[in-house]
file protein-v5.txt (compact mmCIF, C-alpha atoms)
# COMPACT_ATOMS: atom_id res chain seq x y z
CA SER A 2 128.02 103.22 145.11
CA ALA A 3 129.04 103.29 141.45
CA THR A 4 127.32 105.79 139.19
CA LEU A 5 124.84 104.08 136.86
CA PRO A 6 124.54 105.02 133.20
CA VAL A 7 121.43 106.90 132.14
CA GLY A 8 118.46 104.56 131.75
CA LEU A 9 119.83 101.90 134.16
CA ARG A 10 118.64 101.08 137.62
CA ARG A 11 119.65 98.55 140.26
CA VAL A 12 117.39 95.55 140.72
CA SER A 13 116.88 95.34 144.46
CA GLY A 14 118.21 92.22 146.10
CA VAL A 15 119.98 90.96 142.99
CA GLY A 16 123.11 93.07 142.74
CA SER A 17 122.76 93.50 138.98
CA LEU A 18 121.88 96.31 136.64
CA SER A 19 118.80 96.04 134.43
CA PHE A 20 117.28 98.05 131.61
CA ASP A 21 113.98 96.24 131.52
CA GLY A 22 113.45 95.42 135.19
CA THR A 23 113.47 91.65 134.59
CA LEU A 24 115.27 89.34 137.00
CA GLY A 25 117.71 86.90 135.46
CA ASP A 26 120.74 84.76 136.22
CA ASP A 27 124.16 86.32 136.31
CA TYR A 28 125.59 86.84 132.86
CA ASP A 29 127.43 83.83 131.53
CA ASP A 30 130.12 84.35 128.91
CA GLY A 31 128.64 81.49 126.90
CA LYS A 32 125.08 82.89 126.84
CA GLU A 33 123.52 85.80 124.99
CA CYS A 34 122.67 88.76 127.22
CA THR A 35 118.88 88.95 127.15
CA THR A 36 117.85 90.29 130.56
CA GLY A 37 119.85 93.51 130.84
CA LEU A 38 123.33 94.71 131.78
CA HIS A 39 124.65 92.76 134.79
CA ARG A 40 127.41 93.77 137.15
CA THR A 41 128.88 90.28 137.46
CA GLY A 42 130.89 88.62 134.72
CA GLY A 43 133.71 91.12 134.20
CA ARG A 44 134.20 94.25 132.11
CA ALA A 45 134.24 92.43 128.75
CA GLU A 46 130.96 90.66 129.44
CA ARG A 47 129.27 93.85 130.62
CA ARG A 48 130.50 95.65 127.51
CA ARG A 49 129.13 92.94 125.25
CA CYS A 50 125.83 93.01 127.09
CA PHE A 51 125.61 96.77 126.67
CA ASP A 52 126.40 96.48 122.93
CA ASP A 53 123.68 93.86 122.60
CA PHE A 54 121.20 96.21 124.27
CA LEU A 55 122.10 99.07 121.93
CA THR A 56 121.81 96.79 118.89
CA ARG A 57 118.30 95.72 119.84
CA ARG A 58 117.16 99.27 120.55
CA LEU A 59 118.65 100.60 117.30
CA ALA A 60 116.94 97.80 115.39
CA THR A 61 113.62 98.82 116.96
CA VAL A 62 114.15 102.48 115.98
CA ARG A 63 115.09 101.44 112.44
CA THR A 64 111.93 99.34 112.14
CA ILE A 65 109.73 102.23 113.29
CA ILE A 66 111.38 104.58 110.80
CA LEU A 67 110.86 101.98 108.07
CA TYR A 68 107.16 101.73 108.93
CA LEU A 69 106.73 105.51 108.84
CA ALA A 70 108.64 105.85 105.56
CA THR A 71 106.53 103.15 103.90
CA LEU A 72 103.25 104.70 105.04
CA ALA A 73 104.46 108.16 104.00
CA ALA A 74 105.36 106.90 100.53
CA ALA A 75 101.94 105.29 100.18
CA GLY A 76 100.23 108.50 101.31
CA CYS A 77 102.24 110.57 98.85
CA GLY A 78 101.26 108.20 96.07
CA GLY A 79 97.59 108.55 96.93
CA TRP A 80 97.85 112.34 97.13
CA ALA A 81 99.61 112.50 93.75
CA PHE A 82 96.93 110.39 92.07
CA TYR A 83 94.23 112.50 93.73
CA THR A 84 95.86 115.72 92.48
CA LEU A 85 96.02 114.31 88.95
CA ASN A 86 92.33 113.30 89.10
CA ILE A 87 93.16 109.65 88.45
CA PRO A 88 90.29 107.23 89.25
CA LEU A 89 90.48 105.48 92.63
CA PRO A 90 93.45 107.63 93.71
CA TRP A 91 93.71 106.43 97.31
CA LEU A 92 93.74 102.80 96.18
CA LEU A 93 95.77 102.90 92.97
CA GLY A 94 98.23 105.55 94.17
CA PRO A 95 99.56 103.71 97.23
CA LEU A 96 99.31 100.34 95.44
CA LEU A 97 101.39 101.32 92.43
CA THR A 98 103.80 103.49 94.42
CA ILE A 99 104.70 100.75 96.89
CA ALA A 100 104.85 98.17 94.10
CA ALA A 101 107.26 100.35 92.12
CA LEU A 102 109.48 101.00 95.14
CA SER A 103 109.52 97.30 95.98
CA MET A 104 110.56 96.38 92.44
CA LEU A 105 113.37 98.90 92.72
CA GLY A 106 114.70 96.85 95.63
CA LEU A 107 113.91 99.28 98.43
CA ASP A 108 113.36 97.85 101.89
CA LEU A 109 109.72 98.47 102.85
CA ALA A 110 107.53 97.21 105.66
CA THR A 111 104.19 97.89 107.35
CA PRO A 112 103.31 97.49 111.03
CA ARG A 113 101.76 94.29 112.23
CA GLY A 114 97.99 94.54 112.04
CA SER A 115 97.96 97.20 109.32
CA ARG A 116 96.12 94.87 106.93
CA GLN A 117 93.40 94.20 109.50
CA THR A 118 93.16 97.92 110.29
CA GLY A 119 92.64 98.71 106.63
CA GLN A 120 89.96 96.04 106.35
CA VAL A 121 88.12 97.44 109.37
CA LEU A 122 88.11 100.96 107.91
CA LEU A 123 87.06 99.73 104.46
CA ALA A 124 84.28 97.51 105.81
CA THR A 125 83.04 100.30 108.08
CA GLY A 126 82.78 102.71 105.15
CA ILE A 127 80.96 100.16 103.00
CA GLY A 128 78.63 99.16 105.80
CA LEU A 129 77.51 102.74 106.41
CA ASN A 130 76.05 102.78 102.89
CA PHE A 131 73.81 99.78 103.58
CA THR A 132 70.35 101.32 103.91
CA PRO A 133 66.99 99.51 104.03
CA MET A 134 66.50 100.33 100.35
CA VAL A 135 69.86 98.78 99.51
CA ALA A 136 68.94 95.66 101.49
CA ILE A 137 65.70 95.32 99.52
CA PHE A 138 67.57 95.74 96.23
CA VAL A 139 70.11 93.08 97.25
CA ALA A 140 67.34 90.66 98.28
CA GLU A 141 65.53 91.12 94.96
CA ASN A 142 68.73 90.45 93.00
CA LEU A 143 70.15 87.75 95.24
CA TRP A 144 69.70 85.11 92.55
CA VAL A 145 71.91 87.12 90.19
CA MET A 146 74.63 87.33 92.81
CA VAL A 147 74.46 83.59 93.49
CA LEU A 148 74.54 82.81 89.76
CA THR A 149 77.56 85.02 89.11
CA SER A 150 79.35 83.55 92.13
CA VAL A 151 78.82 80.01 90.86
CA ALA A 152 79.95 81.04 87.38
CA SER A 153 83.06 82.73 88.78
CA ILE A 154 84.01 79.65 90.78
CA SER A 155 83.35 77.42 87.77
CA PHE A 156 85.53 79.53 85.47
CA GLY A 157 88.23 79.51 88.14
CA ALA A 158 88.08 75.73 88.37
CA VAL A 159 88.41 75.37 84.59
CA ALA A 160 91.35 77.79 84.60
CA GLY A 161 92.86 75.77 87.43
CA LEU A 162 92.77 72.63 85.32
CA LEU A 163 94.56 74.44 82.51
CA LEU A 164 97.13 75.83 84.93
CA MET A 165 97.69 72.42 86.46
CA ARG A 166 98.45 70.90 83.06
CA THR A 167 100.61 73.73 81.73
CA ALA A 168 102.52 74.57 84.92
CA LYS A 169 102.73 70.95 86.14
CA THR A 170 101.46 71.91 89.57
CA ASP A 171 99.23 70.11 92.03
CA VAL A 172 95.44 70.41 92.15
CA ALA A 173 95.21 72.53 95.31
CA THR A 174 97.80 75.08 94.15
CA ALA A 175 96.22 75.41 90.71
CA TYR A 176 92.66 75.66 92.02
CA PHE A 177 93.26 78.26 94.72
CA SER A 178 95.46 80.27 92.33
CA CYS A 179 92.60 80.70 89.84
CA VAL A 180 89.42 80.92 91.92
CA PRO A 181 88.81 84.59 92.90
CA GLY A 182 89.39 85.27 96.57
CA GLY A 183 91.47 87.14 99.10
CA VAL A 184 95.24 86.77 98.90
CA ALA A 185 95.70 85.64 102.48
CA GLU A 186 92.57 83.50 102.57
CA MET A 187 93.38 81.61 99.37
CA SER A 188 96.98 81.05 100.44
CA ILE A 189 95.84 79.63 103.78
CA GLN A 190 93.31 77.35 102.10
CA ALA A 191 95.92 76.14 99.61
CA GLU A 192 98.33 75.27 102.41
CA ARG A 193 95.53 73.57 104.35
CA TRP A 194 94.76 71.33 101.37
CA GLY A 195 98.39 70.49 100.68
CA GLY A 196 99.18 73.16 98.08
CA ASP A 197 102.00 75.69 97.83
CA PRO A 198 100.90 79.08 99.25
CA ALA A 199 103.65 81.11 97.53
CA PRO A 200 102.42 80.83 93.90
CA VAL A 201 98.82 81.14 95.12
CA SER A 202 99.64 84.43 96.82
CA LEU A 203 101.43 85.69 93.70
CA ALA A 204 98.59 84.68 91.37
CA GLN A 205 95.90 86.27 93.53
CA SER A 206 97.95 89.46 93.93
CA LEU A 207 98.40 89.74 90.16
CA ARG A 208 94.68 89.16 89.64
CA ILE A 209 93.70 91.89 92.09
CA LEU A 210 96.31 94.27 90.67
CA THR A 211 94.99 93.70 87.14
CA VAL A 212 91.36 94.13 88.14
CA VAL A 213 91.72 97.32 90.18
CA THR A 214 94.04 99.01 87.69
CA THR A 215 91.96 98.30 84.59
CA ILE A 216 88.23 97.78 85.11
CA PRO A 217 87.30 100.73 87.40
CA PRO A 218 89.31 103.34 85.45
CA VAL A 219 87.89 102.09 82.14
CA LEU A 220 84.32 102.28 83.46
CA ILE A 221 84.87 105.76 84.87
CA LEU A 222 86.52 107.07 81.72
CA ALA A 223 83.70 105.56 79.66
CA GLY A 224 81.20 107.58 81.67
CA ALA A 225 79.51 104.59 83.29
CA THR A 226 77.77 105.50 86.52
CA GLY A 227 75.83 103.59 89.13
CA ILE A 228 72.26 104.17 90.18
CA GLU A 229 71.45 106.81 92.75
CA LEU A 230 70.62 104.15 95.32
CA PHE A 231 74.31 103.26 95.66
CA GLN A 232 75.71 106.78 95.75
CA ALA A 233 77.93 107.43 98.76
CA HIS A 234 76.19 109.30 101.57
CA HIS A 235 77.94 112.31 103.04
CA ILE A 236 77.53 112.06 106.80
CA PRO A 237 78.72 114.94 109.04
CA PHE A 238 81.84 113.89 110.92
CA ASP A 239 81.40 113.38 114.65
CA ALA A 240 84.66 112.36 116.36
CA PRO A 241 83.19 110.72 119.52
CA ARG A 242 80.59 108.74 117.57
CA PHE A 243 83.17 107.79 114.94
CA ALA A 244 85.49 106.46 117.65
CA MET A 245 82.61 104.48 119.12
CA LEU A 246 81.72 103.10 115.69
CA LEU A 247 85.32 101.99 115.05
CA ALA A 248 85.45 100.32 118.46
CA MET A 249 82.25 98.41 117.69
CA THR A 250 83.33 97.36 114.19
CA ALA A 251 86.77 96.31 115.44
CA ALA A 252 85.08 94.25 118.15
CA GLY A 253 82.95 92.59 115.48
CA GLY A 254 86.06 91.68 113.51
CA ALA A 255 87.83 90.41 116.62
CA LEU A 256 84.85 88.23 117.48
CA LEU A 257 84.80 86.56 114.07
CA ALA A 258 88.58 86.20 114.13
CA TRP A 259 88.30 84.52 117.53
CA ARG A 260 85.77 82.11 116.02
CA ARG A 261 88.20 81.56 113.09
CA ILE A 262 85.75 82.83 110.48
CA THR A 263 87.33 83.40 107.08
CA ASN A 264 87.84 87.08 106.20
CA ALA A 265 86.77 88.02 109.72
CA TRP A 266 88.18 91.56 109.70
CA LEU A 267 86.06 92.44 106.68
CA LEU A 268 82.81 90.59 107.35
CA GLY A 269 82.61 91.44 111.05
CA PRO A 270 82.96 95.24 110.74
CA LEU A 271 80.76 95.20 107.63
CA GLY A 272 77.94 93.50 109.50
CA VAL A 273 78.24 95.81 112.50
CA ALA A 274 78.34 99.01 110.41
CA ALA A 275 75.44 97.86 108.23
CA GLY A 276 73.36 97.09 111.30

call {"tool": "encode", "arguments": {"input": "protein-v5.txt", "output": "structure tokens"}}
result
Amino acid sequence: SATLPVGLRRVSGVGSLSFDGTLGDDYDDGKECTTGLHRTGGRAERRRCFDDFLTRRLATVRTIILYLATLAAAGCGGWAFYTLNIPLPWLLGPLLTIAALSMLGLDLATPRGSRQTGQVLLATGIGLNFTPMVAIFVAENLWVMVLTSVASISFGAVAGLLLMRTAKTDVATAYFSCVPGGVAEMSIQAERWGGDPAPVSLAQSLRILTVVTTIPPVLILAGATGIELFQAHHIPFDAPRFAMLLAMTAAGGALLAWRRITNAWLLGPLGVAAG
């Protein structure tokens, strides 16, 4: 029998060669080769099928390299900010580094699910600081939190009216662009209510960028500190228990996502870790 190229094997009973083990019809010159490299169809067709296979595999390798390069750039940005003792280094460093590289026109990308992974880790860290004393403090000041939430939404609504008149946009787009919320969540809500998600996403991103790059550094440089009750607790690292905790918090996020709860990958892990 003919010698097969490395990585190919014969699909039994079909008389064709396959990379992925799938069974498909004989290659047709008018169809794209999607099931592997087939023996039938002539030398030109087999060559085109092989080129198509290489193109797909090279595209996959390029995507993986792009993911790693983006994450490496973000990590370097965080490390640089940490070395320079800049406030919130592991948030501002990656944020500003990736933003600068994007504005320079570089091609960047992150793996699918990276946003949800980050939310799980963030919510897990926050939830571990929820102690019974913190819960009592939150319950005693719940009215303040409700009042500030209502005020924030009200100010956002007023700003939305101004934006609607000045930018000549629709109500949904203007409202969800100005009311504080998550970028993805507000964009989804805007689209659901007939608005344009693109300007909503841009407005919310600019708001978050402005807040995290100005308010925390100013407070830290001014010497403002929180009360001891909210100081981060240093817990000895235990790899098996940490893996179990992440599995539980991820399951909590997946459960809320399955139930289509807004901001599921933050609220679910937060509730599990706090419990």

call {"tool": "closest_residue", "arguments": {"input": "protein-v5.txt", "among": "A:Ile154, A:Val147, A:Ala140, A:Ala185", "to": "Thr263 of chain A", "atoms": "all atoms listed in the file"}}
result
A:Ala185

call {"tool": "closest_atom_pairs", "arguments": {"input": "protein-v5.txt", "of": "segment 97-164 of chain A", "to": "segment 204-212 of chain A", "cutoff": "12 Å", "atoms": "all atoms listed in the file", "output": "tab-separated table"}}
result
residue	atom	partner	partner_atom	distance
A:Leu97	CA	A:Leu210	CA	8.9
A:Ala100	CA	A:Leu210	CA	10.0
A:Gly157	CA	A:Gln205	CA	11.6
A:Gly161	CA	A:Ala204	CA	11.3
A:Leu164	CA	A:Ala204	CA	11.0

call {"tool": "residues_around", "arguments": {"input": "protein-v5.txt", "residues": "segment 69-73 of chain A", "least_positions_apart": "4", "cutoff": "12 Å", "atoms": "all atoms listed in the file", "output": "JSON, numbers by chain"}}
result
{"A": [62, 63, 64, 65, 77, 78, 79, 80, 94, 95, 96, 98, 99, 100, 102, 103, 107, 108, 109, 110, 111, 112, 115]}

call {"tool": "atom_distance", "arguments": {"input": "protein-v5.txt", "atom1": "atom CA of Trp266 of chain A", "atom2": "atom CA of Gln190 of chain A"}}
result
16.9 Å

call {"tool": "residues_around", "arguments": {"input": "protein-v5.txt", "residues": "Ala275 of chain A", "least_positions_apart": "2", "cutoff": "7 Å", "atoms": "all atoms listed in the file", "output": "ChimeraX atom specification"}}
result
/A:128-129,131,271-273

call {"tool": "residues_around", "arguments": {"input": "protein-v5.txt", "residues": "Thr118 of chain A", "least_positions_apart": "5", "cutoff": "12 Å", "atoms": "all atoms listed in the file", "output": "ChimeraX atom specification"}}
result
/A:111-113,123-125,247-248,250-252,254-255,265-267,270

call {"tool": "atom_distance", "arguments": {"input": "protein-v5.txt", "atom1": "atom CA of Ile228 of chain A", "atom2": "atom CA of Met146 of chain A"}}
result
17.2 Å

call {"tool": "atom_distance", "arguments": {"input": "protein-v5.txt", "atom1": "atom CA of Leu163 of chain A", "atom2": "atom CA of Gly196 of chain A"}}
result
16.3 Å

call {"tool": "residues_around", "arguments": {"input": "protein-v5.txt", "residues": "Glu192 of chain A", "least_positions_apart": "5", "cutoff": "9 Å", "atoms": "only C-alpha atoms", "output": "PyMOL selection string"}}
result
chain A and resi 173-174+187+197-198

call {"tool": "closest_residue", "arguments": {"input": "protein-v5.txt", "among": "A:Pro218, A:Leu122, A:Gly269, A:Ala223", "to": "Phe243 of chain A", "atoms": "all atoms listed in the file"}}
result
A:Leu122

call {"tool": "residues_around", "arguments": {"input": "protein-v5.txt", "residues": "Val172 of chain A", "least_positions_apart": "2", "cutoff": "12 Å", "atoms": "only C-alpha atoms", "output": "count of residues only"}}
result
25

call {"tool": "closest_residue", "arguments": {"input": "protein-v5.txt", "among": "A:Pro88, A:Gly106, A:Gly276, A:Pro133", "to": "Phe231 of chain A", "atoms": "only C-alpha atoms"}}
result
A:Pro133

call {"tool": "decode", "arguments": {"input": "protein-v5.txt", "residues": "segment 151-167 of chain A", "atoms": "N, CA and C atoms", "output": "mmCIF file, in the first residue's frame"}}
result
data_model
loop_
_atom_site.group_PDB
_atom_site.id
_atom_site.type_symbol
_atom_site.label_atom_id
_atom_site.label_comp_id
_atom_site.auth_asym_id
_atom_site.auth_seq_id
_atom_site.Cartn_x
_atom_site.Cartn_y
_atom_site.Cartn_z
ATOM 1 N N VAL A 151 -29.752 54.197 44.574
ATOM 2 C CA VAL A 151 -30.849 54.943 43.960
ATOM 3 C C VAL A 151 -30.344 56.276 43.402
ATOM 4 N N ALA A 152 -29.485 56.949 44.162
ATOM 5 C CA ALA A 152 -28.938 58.220 43.696
ATOM 6 C C ALA A 152 -28.093 58.025 42.443
ATOM 7 N N SER A 153 -27.305 56.956 42.406
ATOM 8 C CA SER A 153 -26.463 56.692 41.243
ATOM 9 C C SER A 153 -27.310 56.440 40.003
ATOM 10 N N ILE A 154 -28.363 55.648 40.157
ATOM 11 C CA ILE A 154 -29.244 55.372 39.024
ATOM 12 C C ILE A 154 -29.959 56.653 38.574
ATOM 13 N N SER A 155 -30.358 57.469 39.543
ATOM 14 C CA SER A 155 -31.049 58.717 39.214
ATOM 15 C C SER A 155 -30.143 59.667 38.448
ATOM 16 N N PHE A 156 -28.903 59.835 38.923
ATOM 17 C CA PHE A 156 -27.950 60.686 38.216
ATOM 18 C C PHE A 156 -27.682 60.148 36.810
ATOM 19 N N GLY A 157 -27.597 58.816 36.696
ATOM 20 C CA GLY A 157 -27.388 58.212 35.381
ATOM 21 C C GLY A 157 -28.549 58.488 34.440
ATOM 22 N N ALA A 158 -29.774 58.439 34.987
ATOM 23 C CA ALA A 158 -30.945 58.709 34.159
ATOM 24 C C ALA A 158 -30.954 60.159 33.674
ATOM 25 N N VAL A 159 -30.609 61.083 34.567
ATOM 26 C CA VAL A 159 -30.547 62.497 34.174
ATOM 27 C C VAL A 159 -29.472 62.712 33.107
ATOM 28 N N ALA A 160 -28.308 62.080 33.310
ATOM 29 C CA ALA A 160 -27.244 62.187 32.309
ATOM 30 C C ALA A 160 -27.674 61.561 30.989
ATOM 31 N N GLY A 161 -28.472 60.497 31.066
ATOM 32 C CA GLY A 161 -28.981 59.878 29.847
ATOM 33 C C GLY A 161 -29.873 60.803 29.054
ATOM 34 N N LEU A 162 -30.703 61.578 29.769
ATOM 35 C CA LEU A 162 -31.557 62.552 29.079
ATOM 36 C C LEU A 162 -30.718 63.612 28.353
ATOM 37 N N LEU A 163 -29.667 64.066 29.037
ATOM 38 C CA LEU A 163 -28.792 65.056 28.399
ATOM 39 C C LEU A 163 -28.082 64.461 27.188
ATOM 40 N N LEU A 164 -27.628 63.212 27.330
ATOM 41 C CA LEU A 164 -26.948 62.553 26.214
ATOM 42 C C LEU A 164 -27.900 62.337 25.047
ATOM 43 N N MET A 165 -29.132 61.971 25.352
ATOM 44 C CA MET A 165 -30.111 61.736 24.301
ATOM 45 C C MET A 165 -30.364 63.003 23.492
ATOM 46 N N ARG A 166 -30.400 64.136 24.167
ATOM 47 C CA ARG A 166 -30.672 65.399 23.472
ATOM 48 C C ARG A 166 -29.457 65.905 22.708
ATOM 49 N N THR A 167 -28.274 65.754 23.284
ATOM 50 C CA THR A 167 -27.070 66.282 22.631
ATOM 51 C C THR A 167 -26.558 65.369 21.522
#
